[in-house]
Each structure stands twice: as structure tokens, then as C-alpha cells.
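Undergrad: So here's start13.cif, just mmCIF, C-alpha atoms:
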data_query
#
loop_
_atom_site.group_PDB
_atom_site.id
_atom_site.type_symbol
_atom_site.label_atom_id
_atom_site.label_comp_id
_atom_site.auth_asym_id
_atom_site.auth_seq_id
_atom_site.Cartn_x
_atom_site.Cartn_y
_atom_site.Cartn_z
ATOM 1 C CA MET A 1 -25.961 51.680 -24.097
ATOM 2 C CA THR A 2 -26.862 55.310 -23.876
ATOM 3 C CA VAL A 3 -30.617 55.290 -23.581
ATOM 4 C CA ALA A 4 -30.961 58.671 -25.233
ATOM 5 C CA ASP A 5 -29.980 57.552 -28.730
ATOM 6 C CA ALA A 6 -31.010 53.903 -28.478
ATOM 7 C CA ILE A 7 -33.387 52.612 -31.131
ATOM 8 C CA SER A 8 -36.590 50.699 -30.491
ATOM 9 C CA CYS A 9 -37.521 47.313 -31.936
ATOM 10 C CA GLN A 10 -39.923 49.020 -34.298
ATOM 11 C CA GLU A 11 -37.106 51.214 -35.594
ATOM 12 C CA LEU A 12 -34.696 48.323 -35.816
ATOM 13 C CA VAL A 13 -36.822 46.212 -38.139
ATOM 14 C CA GLU A 14 -36.777 49.074 -40.628
ATOM 15 C CA LEU A 15 -32.960 49.084 -40.651
ATOM 16 C CA VAL A 16 -32.467 45.371 -41.232
ATOM 17 C CA THR A 17 -31.998 45.538 -44.991
ATOM 18 C CA ASP A 18 -29.619 48.488 -44.796
ATOM 19 C CA TYR A 19 -27.720 46.511 -42.168
ATOM 20 C CA LEU A 20 -27.499 43.397 -44.346
ATOM 21 C CA GLU A 21 -26.515 45.530 -47.346
ATOM 22 C CA GLY A 22 -23.781 47.257 -45.398
ATOM 23 C CA ALA A 23 -25.480 50.592 -45.948
ATOM 24 C CA LEU A 24 -25.781 51.842 -42.366
ATOM 25 C CA ASP A 25 -23.613 54.756 -41.333
ATOM 26 C CA ALA A 26 -21.329 54.278 -38.348
ATOM 27 C CA ALA A 27 -23.734 55.746 -35.810
ATOM 28 C CA ASP A 28 -26.728 53.684 -36.964
ATOM 29 C CA LEU A 29 -24.589 50.571 -37.193
ATOM 30 C CA ARG A 30 -23.544 51.036 -33.574
ATOM 31 C CA ARG A 31 -27.153 51.579 -32.465
ATOM 32 C CA PHE A 32 -28.246 48.557 -34.457
ATOM 33 C CA GLU A 33 -25.614 46.280 -32.989
ATOM 34 C CA GLU A 34 -26.145 47.523 -29.465
ATOM 35 C CA HIS A 35 -29.844 46.828 -29.750
ATOM 36 C CA ILE A 36 -29.411 43.383 -31.293
ATOM 37 C CA ALA A 37 -26.870 42.350 -28.650
ATOM 38 C CA ASP A 38 -29.510 42.946 -26.042
ATOM 39 C CA CYS A 39 -32.750 41.907 -27.703
ATOM 40 C CA GLY A 40 -33.623 38.289 -28.369
ATOM 41 C CA LYS A 41 -36.766 39.178 -30.301
ATOM 42 C CA CYS A 42 -34.940 41.384 -32.790
ATOM 43 C CA THR A 43 -32.171 38.779 -33.030
ATOM 44 C CA GLN A 44 -34.912 36.323 -33.953
ATOM 45 C CA TYR A 45 -36.304 38.742 -36.538
ATOM 46 C CA LEU A 46 -32.891 39.235 -38.128
ATOM 47 C CA ALA A 47 -32.302 35.463 -38.204
ATOM 48 C CA GLN A 48 -35.686 34.977 -39.879
ATOM 49 C CA LEU A 49 -34.878 37.555 -42.514
ATOM 50 C CA ARG A 50 -31.609 35.766 -43.250
ATOM 51 C CA ALA A 51 -33.469 32.446 -43.451
ATOM 52 C CA THR A 52 -36.027 34.044 -45.770
ATOM 53 C CA ILE A 53 -33.288 35.237 -48.108
ATOM 54 C CA ASP A 54 -31.674 31.819 -48.046
ATOM 55 C CA VAL A 55 -34.857 29.932 -48.863
ATOM 56 C CA THR A 56 -35.860 32.465 -51.520
ATOM 57 C CA GLY A 57 -32.549 31.663 -53.229
ATOM 58 C CA ARG A 58 -33.621 28.026 -53.448
ATOM 59 C CA ILE A 59 -36.743 28.642 -55.475
ATOM 60 C CA THR A 60 -36.320 26.894 -58.752
ATOM 61 C CA ALA A 61 -37.614 28.632 -61.810
ATOM 62 C CA GLY A 62 -39.214 25.461 -63.155
ATOM 63 C CA ASP A 63 -38.232 23.374 -66.125
ATOM 64 C CA ILE A 64 -37.994 24.198 -69.783
ATOM 65 C CA SER A 65 -40.617 22.385 -71.873
ATOM 66 C CA PRO A 66 -39.274 19.592 -74.096
ATOM 67 C CA GLU A 67 -40.698 21.458 -77.115
ATOM 68 C CA ALA A 68 -38.835 24.655 -76.302
ATOM 69 C CA GLU A 69 -35.669 22.684 -75.682
ATOM 70 C CA GLU A 70 -35.912 20.919 -79.038
ATOM 71 C CA GLU A 71 -36.685 24.166 -80.810
ATOM 72 C CA LEU A 72 -33.621 25.826 -79.349
ATOM 73 C CA LEU A 73 -31.432 22.923 -80.369
ATOM 74 C CA HIS A 74 -32.700 23.444 -83.914
ATOM 75 C CA VAL A 75 -31.817 27.097 -83.633
ATOM 76 C CA PHE A 76 -28.364 26.097 -82.466
ATOM 77 C CA ARG A 77 -27.852 23.649 -85.357
ATOM 78 C CA ASP A 78 -28.985 26.241 -87.886
ATOM 79 C CA TRP A 79 -26.722 28.822 -86.338
ATOM 80 C CA PHE A 80 -23.752 26.500 -86.477
ATOM 81 C CA ALA A 81 -24.476 25.410 -90.034
ATOM 82 C CA GLY A 82 -24.795 29.035 -91.160
ATOM 83 C CA ARG A 83 -21.663 29.962 -89.315
ATOM 84 C CA ALA A 84 -19.675 27.114 -90.824
ATOM 85 C CA GLY A 85 -20.845 28.282 -94.237
ATOM 86 C CA THR A 86 -19.622 31.824 -93.736
ATOM 87 C CA HIS A 87 -16.177 30.796 -92.599
ATOM 88 C CA GLU A 88 -13.353 29.642 -94.781
ATOM 89 C CA PRO A 89 -12.991 25.878 -94.745
ATOM 90 C CA PRO A 90 -10.037 24.723 -92.718
ATOM 91 C CA ARG A 91 -6.913 24.261 -94.765
ATOM 92 C CA ASN A 92 -4.969 21.057 -94.542
ATOM 93 C CA MET B 1 -12.346 34.602 -68.903
ATOM 94 C CA ASP B 2 -12.661 31.948 -66.207
ATOM 95 C CA ALA B 3 -11.699 28.424 -67.153
ATOM 96 C CA GLU B 4 -15.242 27.002 -67.033
ATOM 97 C CA ASP B 5 -16.541 29.742 -69.299
ATOM 98 C CA ALA B 6 -13.608 29.403 -71.663
ATOM 99 C CA LYS B 7 -14.335 25.701 -72.087
ATOM 100 C CA LEU B 8 -18.022 26.329 -72.524
ATOM 101 C CA VAL B 9 -17.566 29.089 -75.086
ATOM 102 C CA ALA B 10 -15.096 26.989 -77.051
ATOM 103 C CA ALA B 11 -17.560 24.086 -77.059
ATOM 104 C CA LEU B 12 -20.402 26.314 -78.258
ATOM 105 C CA ARG B 13 -18.281 27.866 -80.987
ATOM 106 C CA ALA B 14 -17.387 24.342 -82.099
ATOM 107 C CA GLY B 15 -21.069 23.455 -82.394
ATOM 108 C CA ASP B 16 -21.283 21.188 -79.335
ATOM 109 C CA GLU B 17 -25.023 20.581 -78.977
ATOM 110 C CA GLU B 18 -24.752 18.983 -75.556
ATOM 111 C CA ALA B 19 -22.965 22.042 -74.213
ATOM 112 C CA PHE B 20 -25.737 24.240 -75.591
ATOM 113 C CA ARG B 21 -28.445 21.942 -74.240
ATOM 114 C CA ARG B 22 -26.900 22.112 -70.781
ATOM 115 C CA ILE B 23 -26.996 25.891 -70.553
ATOM 116 C CA VAL B 24 -30.450 26.029 -72.096
ATOM 117 C CA VAL B 25 -31.837 23.606 -69.517
ATOM 118 C CA GLU B 26 -30.078 25.428 -66.714
ATOM 119 C CA TRP B 27 -30.683 29.061 -67.637
ATOM 120 C CA HIS B 28 -33.844 29.118 -69.722
ATOM 121 C CA PRO B 29 -36.366 28.944 -66.842
ATOM 122 C CA MET B 30 -34.680 31.824 -65.001
ATOM 123 C CA LEU B 31 -34.406 33.811 -68.229
ATOM 124 C CA LEU B 32 -38.127 33.378 -68.647
ATOM 125 C CA ARG B 33 -38.796 34.517 -65.106
ATOM 126 C CA VAL B 34 -36.634 37.608 -65.513
ATOM 127 C CA ALA B 35 -38.164 38.440 -68.905
ATOM 128 C CA GLN B 36 -41.594 38.476 -67.277
ATOM 129 C CA ILE B 37 -40.468 41.369 -65.124
ATOM 130 C CA PHE B 38 -40.347 43.563 -68.199
ATOM 131 C CA VAL B 39 -43.006 42.367 -70.617
ATOM 132 C CA PRO B 40 -46.737 42.025 -70.122
ATOM 133 C CA SER B 41 -47.318 38.327 -70.743
ATOM 134 C CA ARG B 42 -45.767 34.925 -70.528
ATOM 135 C CA ALA B 43 -46.153 34.503 -74.288
ATOM 136 C CA VAL B 44 -44.196 37.669 -75.027
ATOM 137 C CA ALA B 45 -41.606 36.668 -72.426
ATOM 138 C CA GLU B 46 -41.112 33.356 -74.237
ATOM 139 C CA GLU B 47 -40.490 35.228 -77.491
ATOM 140 C CA VAL B 48 -38.032 37.503 -75.725
ATOM 141 C CA VAL B 49 -36.082 34.537 -74.376
ATOM 142 C CA GLN B 50 -36.071 32.875 -77.780
ATOM 143 C CA GLU B 51 -34.747 36.073 -79.335
ATOM 144 C CA THR B 52 -32.175 36.332 -76.569
ATOM 145 C CA TRP B 53 -30.719 32.938 -77.415
ATOM 146 C CA LEU B 54 -30.496 33.969 -81.066
ATOM 147 C CA ARG B 55 -28.670 37.147 -80.125
ATOM 148 C CA VAL B 56 -26.390 35.258 -77.766
ATOM 149 C CA LEU B 57 -25.354 32.897 -80.548
ATOM 150 C CA GLY B 58 -24.994 35.761 -83.000
ATOM 151 C CA ALA B 59 -22.701 37.644 -80.648
ATOM 152 C CA LEU B 60 -20.819 34.658 -79.246
ATOM 153 C CA ASP B 61 -17.703 35.352 -81.314
ATOM 154 C CA ARG B 62 -17.528 38.795 -79.756
ATOM 155 C CA PHE B 63 -17.846 37.561 -76.168
ATOM 156 C CA GLU B 64 -14.646 38.601 -74.415
ATOM 157 C CA GLY B 65 -15.272 37.251 -70.946
ATOM 158 C CA ARG B 66 -15.247 40.539 -69.064
ATOM 159 C CA SER B 67 -18.237 39.209 -67.153
ATOM 160 C CA SER B 68 -19.279 35.592 -66.760
ATOM 161 C CA LEU B 69 -21.086 34.085 -69.712
ATOM 162 C CA ARG B 70 -24.198 33.772 -67.580
ATOM 163 C CA THR B 71 -24.162 37.445 -66.621
ATOM 164 C CA TRP B 72 -23.585 38.384 -70.245
ATOM 165 C CA VAL B 73 -26.555 36.268 -71.378
ATOM 166 C CA PHE B 74 -28.812 37.872 -68.773
ATOM 167 C CA ARG B 75 -27.690 41.340 -69.874
ATOM 168 C CA ILE B 76 -28.649 40.517 -73.432
ATOM 169 C CA LEU B 77 -31.974 39.283 -72.099
ATOM 170 C CA VAL B 78 -32.628 42.518 -70.219
ATOM 171 C CA ASN B 79 -31.808 44.625 -73.283
ATOM 172 C CA THR B 80 -33.982 42.466 -75.497
ATOM 173 C CA ALA B 81 -36.849 42.567 -73.002
ATOM 174 C CA LYS B 82 -36.658 46.338 -72.592
ATOM 175 C CA THR B 83 -36.661 46.908 -76.337
ATOM 176 C CA ARG B 84 -39.639 44.615 -76.659
ATOM 177 C CA ALA B 85 -41.474 46.312 -73.795
ATOM 178 C CA GLN B 86 -41.012 49.628 -75.533
ATOM 179 C CA ARG B 87 -42.452 48.215 -78.725
ATOM 180 C CA GLU B 88 -45.414 46.880 -76.776
ATOM 181 C CA GLY B 89 -45.913 50.372 -75.440
ATOM 182 C CA ARG B 90 -45.210 49.232 -71.918
ATOM 183 C CA VAL B 91 -42.625 51.622 -70.634
ATOM 184 C CA VAL B 92 -43.581 52.229 -67.055
ATOM 185 C CA PRO B 93 -40.252 52.871 -65.374
ATOM 186 C CA PHE B 94 -39.798 50.858 -62.193
ATOM 187 C CA SER B 95 -38.676 53.990 -60.426
ATOM 188 C CA ALA B 96 -42.138 55.468 -61.015
ATOM 189 C CA LEU B 97 -44.096 52.399 -59.945
ATOM 190 C CA ASN B 98 -43.405 52.685 -56.303
ATOM 191 C CA ASP B 99 -41.537 55.755 -55.183
ATOM 192 C CA PRO B 100 -40.692 54.648 -51.665
ATOM 193 C CA ALA B 101 -40.487 58.166 -50.371
ATOM 194 C CA ARG B 102 -44.042 58.837 -51.455
ATOM 195 C CA VAL B 103 -45.635 55.702 -50.071
ATOM 196 C CA PRO B 104 -44.534 54.856 -46.549
ATOM 197 C CA GLU B 105 -44.868 51.215 -45.653
ATOM 198 C CA ALA B 106 -43.912 49.380 -42.474
ATOM 199 C CA ALA B 107 -41.854 46.187 -42.692
ATOM 200 C CA VAL B 108 -43.758 44.848 -39.702
ATOM 201 C CA ASP B 109 -47.306 45.895 -38.818
ATOM 202 C CA ALA B 110 -47.376 48.659 -36.236
ATOM 203 C CA ASP B 111 -49.809 46.686 -34.073
ATOM 204 C CA ARG B 112 -47.073 44.168 -33.312
ATOM 205 C CA PHE B 113 -45.236 46.818 -31.291
ATOM 206 C CA LEU B 114 -46.060 48.722 -28.135
ATOM 207 C CA ASP B 115 -46.943 52.370 -28.664
ATOM 208 C CA ALA B 116 -44.164 54.894 -29.049
ATOM 209 C CA ASP B 117 -45.384 56.600 -25.874
ATOM 210 C CA HIS B 118 -45.494 53.401 -23.824
ATOM 211 C CA GLU B 119 -44.204 54.125 -20.357
ATOM 212 C CA ARG B 120 -41.522 51.472 -20.075
ATOM 213 C CA PHE B 121 -41.047 49.823 -23.446
ATOM 214 C CA PRO B 122 -41.884 52.248 -26.245
ATOM 215 C CA GLY B 123 -41.723 50.619 -29.674
ATOM 216 C CA HIS B 124 -40.835 47.185 -28.299
ATOM 217 C CA TRP B 125 -42.333 44.007 -29.684
ATOM 218 C CA SER B 126 -45.756 43.262 -28.253
ATOM 219 C CA SER B 127 -46.267 40.361 -30.653
ATOM 220 C CA PRO B 128 -42.737 39.125 -31.378
ATOM 221 C CA PRO B 129 -41.761 37.092 -34.436
ATOM 222 C CA ARG B 130 -43.072 33.550 -34.055
ATOM 223 C CA ALA B 131 -40.449 30.800 -34.311
ATOM 224 C CA LEU B 132 -40.202 29.187 -37.733
ATOM 225 C CA PRO B 133 -39.662 25.418 -37.496
ATOM 226 C CA GLU B 134 -36.236 24.866 -39.035
ATOM 227 C CA GLU B 135 -37.067 21.495 -40.571
ATOM 228 C CA ARG B 136 -39.993 22.833 -42.564
ATOM 229 C CA LEU B 137 -38.135 25.855 -43.917
ATOM 230 C CA LEU B 138 -36.421 23.780 -46.567
ATOM 231 C CA ALA B 139 -39.454 21.749 -47.608
ATOM 232 C CA GLY B 140 -40.632 22.072 -51.180
ATOM 233 C CA GLU B 141 -44.018 23.454 -50.198
ATOM 234 C CA THR B 142 -42.311 26.257 -48.281
ATOM 235 C CA ARG B 143 -40.673 27.317 -51.521
ATOM 236 C CA ASP B 144 -44.110 27.329 -53.137
ATOM 237 C CA VAL B 145 -45.340 29.645 -50.405
ATOM 238 C CA ILE B 146 -42.445 32.004 -51.087
ATOM 239 C CA ALA B 147 -43.055 31.901 -54.827
ATOM 240 C CA ALA B 148 -46.723 32.728 -54.241
ATOM 241 C CA ALA B 149 -45.844 35.580 -51.879
ATOM 242 C CA ILE B 150 -43.499 37.040 -54.507
ATOM 243 C CA GLU B 151 -46.264 36.819 -57.112
ATOM 244 C CA GLU B 152 -48.460 38.941 -54.857
ATOM 245 C CA LEU B 153 -45.939 41.770 -54.520
ATOM 246 C CA PRO B 154 -46.245 45.098 -56.321
ATOM 247 C CA ALA B 155 -44.315 44.980 -59.622
ATOM 248 C CA ALA B 156 -41.238 46.929 -58.546
ATOM 249 C CA GLN B 157 -40.798 44.946 -55.332
ATOM 250 C CA ARG B 158 -41.308 41.714 -57.225
ATOM 251 C CA ALA B 159 -38.719 42.742 -59.805
ATOM 252 C CA VAL B 160 -36.082 43.572 -57.201
ATOM 253 C CA ILE B 161 -36.516 40.460 -55.055
ATOM 254 C CA THR B 162 -36.629 38.224 -58.134
ATOM 255 C CA LEU B 163 -33.325 39.573 -59.386
ATOM 256 C CA ARG B 164 -31.565 39.904 -56.045
ATOM 257 C CA ASP B 165 -32.724 36.919 -54.018
ATOM 258 C CA VAL B 166 -34.136 34.442 -56.516
ATOM 259 C CA SER B 167 -31.543 34.996 -59.257
ATOM 260 C CA GLY B 168 -28.708 36.098 -56.990
ATOM 261 C CA TRP B 169 -27.733 39.303 -58.827
ATOM 262 C CA GLY B 170 -25.646 41.989 -57.178
ATOM 263 C CA SER B 171 -27.272 45.299 -56.349
ATOM 264 C CA GLU B 172 -25.435 47.215 -59.047
ATOM 265 C CA ASP B 173 -26.672 44.904 -61.793
ATOM 266 C CA VAL B 174 -30.207 45.188 -60.454
ATOM 267 C CA CYS B 175 -30.092 48.984 -60.372
ATOM 268 C CA ASN B 176 -28.819 49.054 -63.946
ATOM 269 C CA ALA B 177 -31.383 46.573 -65.224
ATOM 270 C CA LEU B 178 -34.310 48.356 -63.592
ATOM 271 C CA ASP B 179 -32.982 51.919 -63.860
ATOM 272 C CA ILE B 180 -33.476 52.617 -60.186
ATOM 273 C CA THR B 181 -31.209 54.169 -57.570
ATOM 274 C CA GLU B 182 -29.355 52.169 -54.920
ATOM 275 C CA VAL B 183 -31.557 53.709 -52.247
ATOM 276 C CA ASN B 184 -34.788 52.826 -54.014
ATOM 277 C CA GLN B 185 -33.525 49.349 -54.657
ATOM 278 C CA ARG B 186 -32.854 48.848 -50.968
ATOM 279 C CA VAL B 187 -36.253 50.139 -49.958
ATOM 280 C CA LEU B 188 -38.002 47.898 -52.480
ATOM 281 C CA LEU B 189 -35.938 44.906 -51.397
ATOM 282 C CA HIS B 190 -36.645 45.693 -47.762
ATOM 283 C CA ARG B 191 -40.384 45.712 -48.287
ATOM 284 C CA ALA B 192 -40.353 42.645 -50.479
ATOM 285 C CA ARG B 193 -38.303 40.590 -48.015
ATOM 286 C CA ALA B 194 -40.412 41.728 -45.078
ATOM 287 C CA LYS B 195 -43.575 40.523 -46.826
ATOM 288 C CA VAL B 196 -42.053 37.212 -47.779
ATOM 289 C CA ARG B 197 -40.915 36.701 -44.174
ATOM 290 C CA ARG B 198 -44.419 37.508 -43.016
ATOM 291 C CA ALA B 199 -45.869 34.983 -45.458
ATOM 292 C CA LEU B 200 -43.480 32.348 -44.103
ATOM 293 C CA GLU B 201 -44.451 33.183 -40.542
ATOM 294 C CA ASP B 202 -48.155 32.981 -41.361
ATOM 295 C CA TYR B 203 -47.647 29.655 -43.068
ATOM 296 C CA LEU B 204 -45.138 27.940 -40.766
ATOM 297 C CA ALA B 205 -46.218 29.458 -37.458
ATOM 298 C CA PRO B 206 -49.810 30.642 -37.782
ATOM 299 C CA GLU B 207 -51.134 32.884 -35.064
ATOM 300 C CA LYS B 208 -52.975 31.012 -32.325
ATOM 301 C CA GLU B 209 -56.543 32.024 -31.633
#
Since I need it in another form, could you write the structure as C-alpha cells?

TA:
Amino acid sequence: MTVADAISCQELVELVTDYLEGALDAADLRRFEEHIADCGKCTQYLAQLRATIDVTGRITAGDISPEAEEELLHVFRDWFAGRAGTHEPPRN
Amino acid sequence: MDAEDAKLVAALRAGDEEAFRRIVVEWHPMLLRVAQIFVPSRAVAEEVVQETWLRVLGALDRFEGRSSLRTWVFRILVNTAKTRAQREGRVVPFSALNDPARVPEAAVDADRFLDADHERFPGHWSSPPRALPEERLLAGETRDVIAAAIEELPAAQRAVITLRDVSGWGSEDVCNALDITEVNQRVLLHRARAKVRRALEDYLAPEKE
């Protein structure tokens, strides 16, 4: 690692999202990877960010209320009935 | 159109109530969550979602399968929600809410690093990330902590992390839905994720006295 253009931990944490998004340019990507290869604490930070993203993706949005579900099924029935009415009946 | 979608669309067009119930149960809660990004209240969001389903059914014959059915439904939702927000007089563009260039914000508090002029280790961790116990990461209450942390975020950050990480959208779809640039999206996502990580750390590995 050339010390002159190395990045610090404090700089690295600000590049993590660009890194994960594939948005770092070649020079920053090299600095990022050189730092990470050598720094357990930043490796830990990056792993935690990945874990955070993973767990965030597991949040469930909750359940639909039975009332809303029933109401939408009514909407669906009405839609289908109206639609059947506007189409020509099937010929035999 | 992919095979799953083709089957589903055919079932819906044929009036299959169970097929409709399945997608309603599966997608409705997330539709509601996304609608709340754009409109001021839960009640209005519920109306927006209701209207979305109506529009979805009305346009179903014109669905060509260029995107997945799910993506298409969420696009209709976003359009419906934006139109409604306009009518409610709530048209604060997300790009204006938090111009990242104007408001600097550190992902990790500066006091967790050594000073930039430290003799040997400038800008290195002084208070490194505390280990998060693996087995508790996946517990239900951990998800509640994340949900609460997202609630606390500024609106634009909340919008981006909800679409990207909770709903799993790609960045291009998020930029289009929120009318923000790729760069702004990344900055907002960066800040949002950093705060959620911090909330997890505080909860799962609280600082010792």
C-alpha cells in the first residue's frame, strides 16, 4: 500500500455504500480494497452494513385487515361481472 | 411475460378470486407502506392503494408483461400516490427535502475515530464497531428495532431505504419514483443504512459504561 494515497477508516465508512453499489471509480475501489484487506475493524463495519441490509429486507409490512381483504374481493367480483357484461358472450 | 405472471394474469382475467386474494394478501401491506411515502396520512394511503387495485384491474387487459406484474402494480401505485399528493397540495419534491450536498452528515460519529492529525493513526477507529450477536440479528424484535429506526429517519432517507432495502427495488426504479438523481439516491441510502446499523448496534451491543 502506498501510504500517500491510502484512506483512513473514517474515510472508508463514507465510501461503503458507493462500494456496495459498484459506484467507486477504479482508484477509489483500489484504495477501498487495500484498506479493507488490512483492517479488521472496517471489515467488521462492512459486514455489519451487509447484515443490516439483509435484515432490513426481512421486515414484513404487516398484514392486510380482513375487512380490506373482503372489500377488495368485492371490487374484484364487481370488476369481473362488469367486464363479462361488456364482452360478447362466448359462441358455441 | 414470465410463466408465473402469465398464469396469474390469465387467472385474474378469468375472474379467479383466489388468485386475486393471493396477490392482495401478499402485496397490499407493502403497497400501503410505499403509498405512505407520498401521501400525508395512513387514511389517504389506504385510499390510494384501493384506487390502485381498481386501476390495476381496469388496465389488466393492457398489461403486456414488459415488467413483472408486481413491478407494474407498484408503478401504478406510485403514479396514483403522486397524483393524490398533488391534489392534497403536498408536492415537496424528495430532491428538495434533503439536498445531501447542502447538509453534510457523517455515517459514523466523528468521535468514534482518532483525530485527523493523530500522530500514528489519523482517522482510525478509536471506538470500533461493536460485534452484533449473529443469533439475535434474525429475531423478530430486531426487525422491530429496524422498523422503528426507519420511522425516525428524515422523509427522503426513509423513502429511499423503504424502496431499496425493505421492498427490494433497483436503484433506477427508486430514482424514477422519487425523481431524484442516482448520486442523491446513494447519499440518502448511505445515511439511512448507517443510522439503521447504528440502531442495531445500540440495541444488540449497547455501549458498556

Undergrad: B:Glu51, B:Asp144, B:Asp111, B:Asp2: which is nearest Ser68 in chain B, counting only C-alpha atoms?

TA: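 Closest to Ser68 in chain B, using only C-alpha atoms: B:Asp2.
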
Undergrad: Between B:Arg75, B:His118, B:Arg66, B:Arg21, single out the one closest to Val34 in chain B, counting all atoms listed in the file.

TA: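 The shortest atom-to-atom distance to Val34 in chain B comes from B:Arg75.
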
Undergrad: Report the centre and edge lengths, in Å to one decimal, of an axis-aligned box enclosing every atom of range 57-65 of chain A listed in the file, padded by 8 Å on each side, as lines of an AutoDock Vina configuration file.

TA:
center_x = -36.6
center_y = 27.0
center_z = -62.6
size_x = 24.1
size_y = 25.3
size_z = 34.6

Undergrad: Let me know the residues the PyMOL selection byres ((chain B) within 7 of (chain A)) catches in the file above, as a ChimeraX atom specification.

TA: /B:15,17,21,25,28-30,33,107,113,122-125,128-129,138,143,146,165-168,186,190,197

Undergrad: Residue by residue, what does the PyMOL selection byres ((chain B and resi 59) around 12) grab here? Present the result as an mmCIF file with C-alpha atoms, in the coordinates of the input.

TA:
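Once everything was written out, this is out.cif:
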data_model
loop_
_atom_site.group_PDB
_atom_site.id
_atom_site.type_symbol
_atom_site.label_atom_id
_atom_site.label_comp_id
_atom_site.auth_asym_id
_atom_site.auth_seq_id
_atom_site.Cartn_x
_atom_site.Cartn_y
_atom_site.Cartn_z
ATOM 1 C CA TRP A 79 -26.722 28.822 -86.338
ATOM 2 C CA ARG A 83 -21.663 29.962 -89.315
ATOM 3 C CA VAL B 9 -17.566 29.089 -75.086
ATOM 4 C CA LEU B 12 -20.402 26.314 -78.258
ATOM 5 C CA ARG B 13 -18.281 27.866 -80.987
ATOM 6 C CA THR B 52 -32.175 36.332 -76.569
ATOM 7 C CA TRP B 53 -30.719 32.938 -77.415
ATOM 8 C CA LEU B 54 -30.496 33.969 -81.066
ATOM 9 C CA ARG B 55 -28.670 37.147 -80.125
ATOM 10 C CA VAL B 56 -26.390 35.258 -77.766
ATOM 11 C CA LEU B 57 -25.354 32.897 -80.548
ATOM 12 C CA GLY B 58 -24.994 35.761 -83.000
ATOM 13 C CA LEU B 60 -20.819 34.658 -79.246
ATOM 14 C CA ASP B 61 -17.703 35.352 -81.314
ATOM 15 C CA ARG B 62 -17.528 38.795 -79.756
ATOM 16 C CA PHE B 63 -17.846 37.561 -76.168
ATOM 17 C CA GLU B 64 -14.646 38.601 -74.415
ATOM 18 C CA LEU B 69 -21.086 34.085 -69.712
ATOM 19 C CA TRP B 72 -23.585 38.384 -70.245
ATOM 20 C CA VAL B 73 -26.555 36.268 -71.378
ATOM 21 C CA ILE B 76 -28.649 40.517 -73.432
#

Undergrad: From the set B:Leu32, B:Val49, B:Leu189, B:Val78, which residue has the shortest atom-to-atom contact distance to Asp173 in chain B, counting only C-alpha atoms?

TA: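 Selected residue with least distance to Asp173 in chain B: B:Val78.
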
Undergrad: If we count all atoms listed in the file, what is near Leu132 in chain B at a cut-off of 7 Å, once residues fewer than 2 positions away on the same chain are taken out, given as a compact mmCIF listing (two decimals) with C-alpha atoms, in the coordinates of the input?

TA:
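So result03.txt came out as:
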# COMPACT_ATOMS: atom_id res chain seq x y z
CA ARG B 130 -43.07 33.55 -34.06
CA GLU B 134 -36.24 24.87 -39.03
CA GLU B 201 -44.45 33.18 -40.54
CA LEU B 204 -45.14 27.94 -40.77
CA ALA B 205 -46.22 29.46 -37.46

Undergrad: Just how far from CA of Asn79 in chain B is CA of Ala177 in chain B, in Å to one decimal?

TA: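 Computing the Euclidean distance for CA of Ala177 in chain B and CA of Asn79 in chain B yields 8.3 Å.
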
Undergrad: What gap, in Å, lies between CA of Pro206 in chain B and CA of Ala155 in chain B?

TA: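 Between CA of Pro206 in chain B and CA of Ala155 in chain B the gap is 26.7 Å.
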
Undergrad: If you measure from CA of Glu88 in chain B to CA of Glu26 in chain B, what distance in Å do you get, rounded to one decimal?

TA: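 Distance between the two atoms: 28.2 Å.
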
Undergrad: Compile the contact shell of Ala149 in chain B as a list in words: residues with an atom at most 8 Å away, counting only C-alpha atoms, same-chain residues fewer than 3 positions apart removed.

TA: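 Here the qualifying residues turn out to be Val145, Ile146, Glu152, Leu153, Lys195, Val196 and Ala199 of chain B.
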
Undergrad: Could you add whatever atoms are missing so that range 40-53 of chain A carries N, CA and C atoms, then write the result as a compact mmCIF listing (two decimals), in the coordinates of the input?

TA:
# COMPACT_ATOMS: atom_id res chain seq x y z
N GLY A 40 -33.42 39.59 -27.76
CA GLY A 40 -33.62 38.29 -28.37
C GLY A 40 -34.67 38.31 -29.48
N LYS A 41 -35.68 39.15 -29.31
CA LYS A 41 -36.77 39.18 -30.30
C LYS A 41 -36.27 39.74 -31.63
N CYS A 42 -35.49 40.81 -31.55
CA CYS A 42 -34.94 41.38 -32.79
C CYS A 42 -33.88 40.47 -33.39
N THR A 43 -33.14 39.76 -32.53
CA THR A 43 -32.17 38.78 -33.03
C THR A 43 -32.92 37.71 -33.82
N GLN A 44 -34.06 37.30 -33.28
CA GLN A 44 -34.91 36.32 -33.95
C GLN A 44 -35.41 36.86 -35.30
N TYR A 45 -35.81 38.14 -35.29
CA TYR A 45 -36.30 38.74 -36.54
C TYR A 45 -35.21 38.75 -37.60
N LEU A 46 -34.02 39.18 -37.19
CA LEU A 46 -32.89 39.24 -38.13
C LEU A 46 -32.57 37.84 -38.67
N ALA A 47 -32.58 36.84 -37.78
CA ALA A 47 -32.30 35.46 -38.20
C ALA A 47 -33.36 34.99 -39.20
N GLN A 48 -34.61 35.38 -38.96
CA GLN A 48 -35.69 34.98 -39.88
C GLN A 48 -35.54 35.63 -41.25
N LEU A 49 -35.09 36.88 -41.24
CA LEU A 49 -34.88 37.56 -42.51
C LEU A 49 -33.77 36.86 -43.30
N ARG A 50 -32.71 36.49 -42.58
CA ARG A 50 -31.61 35.77 -43.25
C ARG A 50 -32.11 34.43 -43.79
N ALA A 51 -32.93 33.74 -43.00
CA ALA A 51 -33.47 32.45 -43.45
C ALA A 51 -34.37 32.65 -44.67
N THR A 52 -35.14 33.73 -44.65
CA THR A 52 -36.03 34.04 -45.77
C THR A 52 -35.22 34.23 -47.06
N ILE A 53 -34.14 34.99 -46.94
CA ILE A 53 -33.29 35.24 -48.11
C ILE A 53 -32.71 33.93 -48.62
